[in-house]
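Visitor: Sharing a structure here in structure tokens format.
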Amino acid sequence: MRHLRLPVAATRAGMVAEEVVRAFWPFWTVVFLVLAPLMMGWQDTLPLEAFWAGAVISVISCLATLVWGIRRFRVPSSAEALARVDAALPGRPIAAVADTQAIGGGDAASEAVWQAHIARMAEQTKKARPVEPDLRISDRDPYGLRFIALLFFVAALMFGSLFRVSSVGQIVAGGEQTLVTGPVWEGWVEPPAYTGRPSLYLNDVPPGPLSVPVGSQITLRLYGEVGALTVAETVSGRVDDIGLASDAQQQFTIAKSGTLTISGGTSTTWEVTAIADDAPTVDLTGPIESDAMGEMSQPFAASDDYGIESGTATIALDLAAVDRSHGLAIDPDPIDPLVLDLPMPFTGDRSDFDDFLVDNLSEHPLANLPVTLQLTVTDAAGQTGSTPAEPLILPGRRFFQPFAKAVIEQRRDLMWSKANAPRINQILRAVSHRPEGLFSNETTYLRLRTIIRRMDNFAETGMTDEAQAEIVEALWDLAIQLEDGRLADARERLRRAQERLAEAMRDGASDEEIAELMQELREATDDYLRMLAEQAEPSDGTDQADSGQQGQQMGMDELQALMDRIEELMQEGRMAEAQELMEQLNQMMENLRVTQGEGGDGPQSPGQQSMQDLADTLREQEELSDDSFSELQDQFGPGEQGQQQPGQQGQQPGQQGQNGEQPGQDGQQGQGQGTGEDGQTGDQRGDGAGGEGDQRSLAQRQQALRQELQRQRDGLPDLGGEAGDIARRSLDRAEGAMEGAEDALRDGDLAEAIDQQAEAMDALRNGMRELGQALAENQNMQPGQGSEQGEAAGRPIPGQRDPLGREMGNTGQLGTDQQLLGGDDVNRRAEELLDEIRRRSAQQSRPEIERDYLRRLLDQF
């Protein structure tokens, strides 16, 4: 069976490999363990005695393991290989072929069966394949010594060299041959690690000038006969503990410029220049700033030749600048200077950078007091640089509620000195003697009474530091509750909702989670705005949320649109754009305030009053137009009404209020004309008549509006210029359109009346816009008149939007009256434009000047 030769031969070779591995694994383990230190060069650094001891142990170990392996090695026979191949086949066909028939000889049928069996087994032998050897020896090496040796050998290959083994022959032959070429030396210059400069190998540096940083360490090694080489240097400045010039190894640090000479045979000299490490510098780059909540921001710039390691800001009380009156009249208790760590760049170069020191120190005893601010920075060499002590008022939170301001002042006096405690107790008692009107609820009054009782107890036992801290914290909490009330809880809920949504953006939340979090944000925003409105004075319903940035005002519908856009971007996976819009929303909510339509700290100017009256007239005209359109619908049956309503709504400019831009108008038609007319209109509609009675009522309301507009036009301030003339002509045109609408209503022509009312509203808007422009021009010509125009312009014109879909102010300075988009959906087109601007501003491949322009567009719109 010649087809078995190759499988048997290959199997026998594998069996030989098994025997070699099992017999000689201790030998090659010892060889690897011996070669590893030789390749690393240990023989060149160990003492000669240690080297010879290691050599003897290594030789004995190698011989012992070699003999052990030879004794256990056995060459497998061909029969053993054939048996292994046969064992790997099912039914051992090779052995079956070699068998002879034991019984049934001479029986033809029996012999036929036997021959068939032999033929089948012979056919099975053709499936023979070489058997893989079993090279596992874990049962013989349970501790993995062979792997440890292999690891050492691989490490030596990576970090050492096989050529170093040749030095063993030199050591064995004797050290005399190393002196044949004469004495040699090696040297290294290692600059301080913080400089970032590389080490220098002195043997590669030609003699002559050599510039290195101060603090660099020089290491020299002299080989050969002692005294054959000597070192002379004047760079270390050493006067004590100076070794011999011929020491085999020398090490010193460069402290000054000088020379370094190695003499012996040939002399080598370097003129070393020590590069001094300059001290760091730090400067205040601008005045300190703060917001209403007391968070301060101090810009600064720091620089160093190698980099700043750390920095601190020290804030100390400027006692000489304190107004020593009231609770500050007595000497203060010791107040330790406040030390803050300066922010350092996490990445990048620290040799020259600008940053901001941001912190909120409203609760610190030095808040709102004169202090000195001094910045100090330190480099890696331990050198420091400082700014001159800058006098300033340490920012703290500002309180506007009078009682809260009084509580904060007493808190400051208590932190100033514990000796003020009796005086503070008396003042708090006097303030709370008649609590009516001072406290928003019983909780704040009870908290104040608790503080007073605690101070009474401490007056008997003495005011300790712990008691002082307790009272100070209680007064702060009371002032916060007096200032914010429930608004603080609403603000905290809003902050948590914003943080959860930001975390969802980072973690990639699902659509369901996004919808839930956005709903939570909407509810928190509504609560926060409602709390603001409750704390503000009552108004006429013209409150708006003000973002506080560049005087732009934002209504609730736009806040909701912004949150809808954030949710849409998150669901589309555009997290970067969503995060950018979220930051804008957070900034607006932080600076949020509610402005009142009739609010202000003083009486309105004639221009302001005229703008307000015209805005009221425009709103009432829109309500009247809505009522007229409803009357026109009532003239048709229910079926016809359902068919014609959509088309007519799209044709009437006055219908914007019904579509959601004038909330709260449903059921309030004719509000400006008294209860009697409202009641009459409501009754007539309830009967479903909608006849002449209703139309006469609408005509009377139109007449009253026209007369009111005439009064307002006659009472306009005397404003010169083209804008003033245009405003008067627009109001004349509005009055004429109102008169036409009045006549149409009396004649029962509701369609004509609605057209005239639309023209009147358009003229009113144009007149208000031009009047605002005239007021602005008049103020520019008369400086010192305050911000009347800005305040008047803060009131929106209902239903008026610019090409980007934003509410316009009274002055109408944004956008144009032209129909730039034809009949397209303005809001949809505005959203598409904003999406395109955001997309282009996020493309890093665009020029920086173009992306700056796009970002300015986003900031404006």
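Residue names in the structure tokens use chain letters A, B, ... in the order shown, residue numbers from 1 in each chain, and ligand numbers from 1 in the order shown.
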Show which residues sit within 8 Å of Arg397 (chain A), as a ChimeraX atom specification. Count only C-alpha atoms, and ignore same-chain residues fewer than 4 positions away.
Guide: /A:291-295,362
Visitor: Neighbouring residues of Asp718 (chain A) were defined as those with any atom within 12 Å, considering only C-alpha atoms; residues of the same chain fewer than 4 positions away were excluded. Please report them as a VMD selection string.
Guide: chain A and resid 606 to 607 610 713 to 714 723 to 725 727 to 728 771 774 to 775 778
Visitor: Give the answer as one residue: which of A:Val431, A:Pro422, A:Ala504, A:Pro299 has the shortest atom-to-atom distance to Gly462 (chain A), using only C-alpha atoms?
Guide: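 Smallest separation from Gly462 (chain A) among the options: A:Pro422.
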Visitor: I'd like the contact shell of region 71-74 of chain A - 10 Å cut-off, only C-alpha atoms, skipping same-chain residues fewer than 3 positions apart - returned as number ranges by chain.
Guide: A: 15-16, 18-24, 65-68, 77
Visitor: Please list as a PDB file with C-alpha atoms, in the first residue's frame every residue within 10 Å of region 391-393 of chain A, counting only C-alpha atoms and excluding residues in the same chain fewer than 5 positions away.
Guide:
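Wrote around_2.pdb, looks like this:
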```pdb
ATOM      1  CA  PRO A 287     -12.039  94.938  33.928  1.00  0.00           C
ATOM      2  CA  ILE A 288     -13.855  92.412  36.039  1.00  0.00           C
ATOM      3  CA  ILE A 315      -8.401  88.303  46.920  1.00  0.00           C
ATOM      4  CA  ALA A 316      -7.794  90.264  50.124  1.00  0.00           C
ATOM      5  CA  LEU A 317      -9.916  92.833  51.953  1.00  0.00           C
ATOM      6  CA  ASP A 318      -8.997  96.446  51.158  1.00  0.00           C
ATOM      7  CA  ALA A 321     -11.322 101.595  50.970  1.00  0.00           C
ATOM      8  CA  VAL A 322     -14.270 100.270  53.025  1.00  0.00           C
ATOM      9  CA  LEU A 366     -15.851  89.705  50.889  1.00  0.00           C
ATOM     10  CA  ALA A 367     -18.679  89.848  48.341  1.00  0.00           C
ATOM     11  CA  ASN A 368     -19.641  93.426  47.353  1.00  0.00           C
ATOM     12  CA  LEU A 369     -16.775  94.851  49.448  1.00  0.00           C
ATOM     13  CA  PRO A 370     -13.602  96.682  48.319  1.00  0.00           C
ATOM     14  CA  VAL A 371     -10.820  94.135  47.805  1.00  0.00           C
ATOM     15  CA  THR A 372      -7.480  93.818  46.080  1.00  0.00           C
ATOM     16  CA  LEU A 373      -6.963  91.189  43.402  1.00  0.00           C
ATOM     17  CA  GLN A 374      -3.495  89.823  42.687  1.00  0.00           C
TER      18      GLN A 374
END
```
Visitor: I'd like the neighbourhood of Leu581 (chain A) as a list of chain:residue names, where a residue qualifies if any of its atoms comes within 10 Å (using only C-alpha atoms), though same-chain residues fewer than 3 positions away should be ignored.
Guide: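 Here the answer would be A:Leu562, A:Met563, A:Arg565, A:Ile566, A:Leu569, A:Met575, A:Ala576, A:Glu577, A:Ala578, A:Gln584, A:Leu585, A:Asn586, A:Gln587, A:Arg838.
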Visitor: Could you take the residues named above and write them with C-alpha atoms, as a tab-separated table (two decimals), in the first residue's frame?
Guide:
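Dumped everything to again_7.tsv:
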```
chain	number	residue	atom	x	y	z
A	562	LEU	CA	-37.27	76.92	18.73
A	563	MET	CA	-37.93	73.94	21.00
A	565	ARG	CA	-36.76	72.70	15.95
A	566	ILE	CA	-34.43	71.27	18.62
A	569	LEU	CA	-32.90	68.00	14.82
A	575	MET	CA	-26.94	66.51	17.47
A	576	ALA	CA	-24.34	69.21	16.80
A	577	GLU	CA	-26.93	71.62	15.40
A	578	ALA	CA	-29.39	70.70	18.17
A	584	GLN	CA	-28.96	79.62	22.47
A	585	LEU	CA	-32.15	78.66	24.32
A	586	ASN	CA	-30.25	78.30	27.62
A	587	GLN	CA	-28.68	81.72	27.18
A	838	ARG	CA	-26.84	76.48	9.85
```
Visitor: Calculate how many Å separate CA of Tyr194 (chain A) from CA of Ala380 (chain A), rounding to one decimal.
Guide: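 Those two atoms sit 6.4 Å apart.
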Visitor: Do you know which residues are at most 10 Å from region 343-346 of chain A counting only C-alpha atoms, after dropping those on the same chain fewer than 5 positions away, and could you put them as a ChimeraX atom specification?
Guide: /A:302,308-312,353-358
Visitor: Pick out the closest residue to Gly54 (chain A) from this set: A:Ala109, A:Ile137, A:Ala88, A:Val168. Count only C-alpha atoms.
Guide: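 Counting only C-alpha atoms, the residue closest to Gly54 (chain A) is A:Val168.
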Visitor: Give me the residues within 7 Å of Thr29 (chain A) as a list in words, counting only C-alpha atoms and dropping any in the same chain fewer than 3 places off.
Guide: Trp25, Pro26, Phe32, Leu33, Arg146 and Ala149 of chain A
Visitor: From the options A:Pro183, A:Gly91, A:Pro37, A:Pro213, which residue's atoms come nearest to Arg197 (chain A), counting only C-alpha atoms?
Guide: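 Using only C-alpha atoms, Arg197 (chain A) sits closest to A:Pro213.
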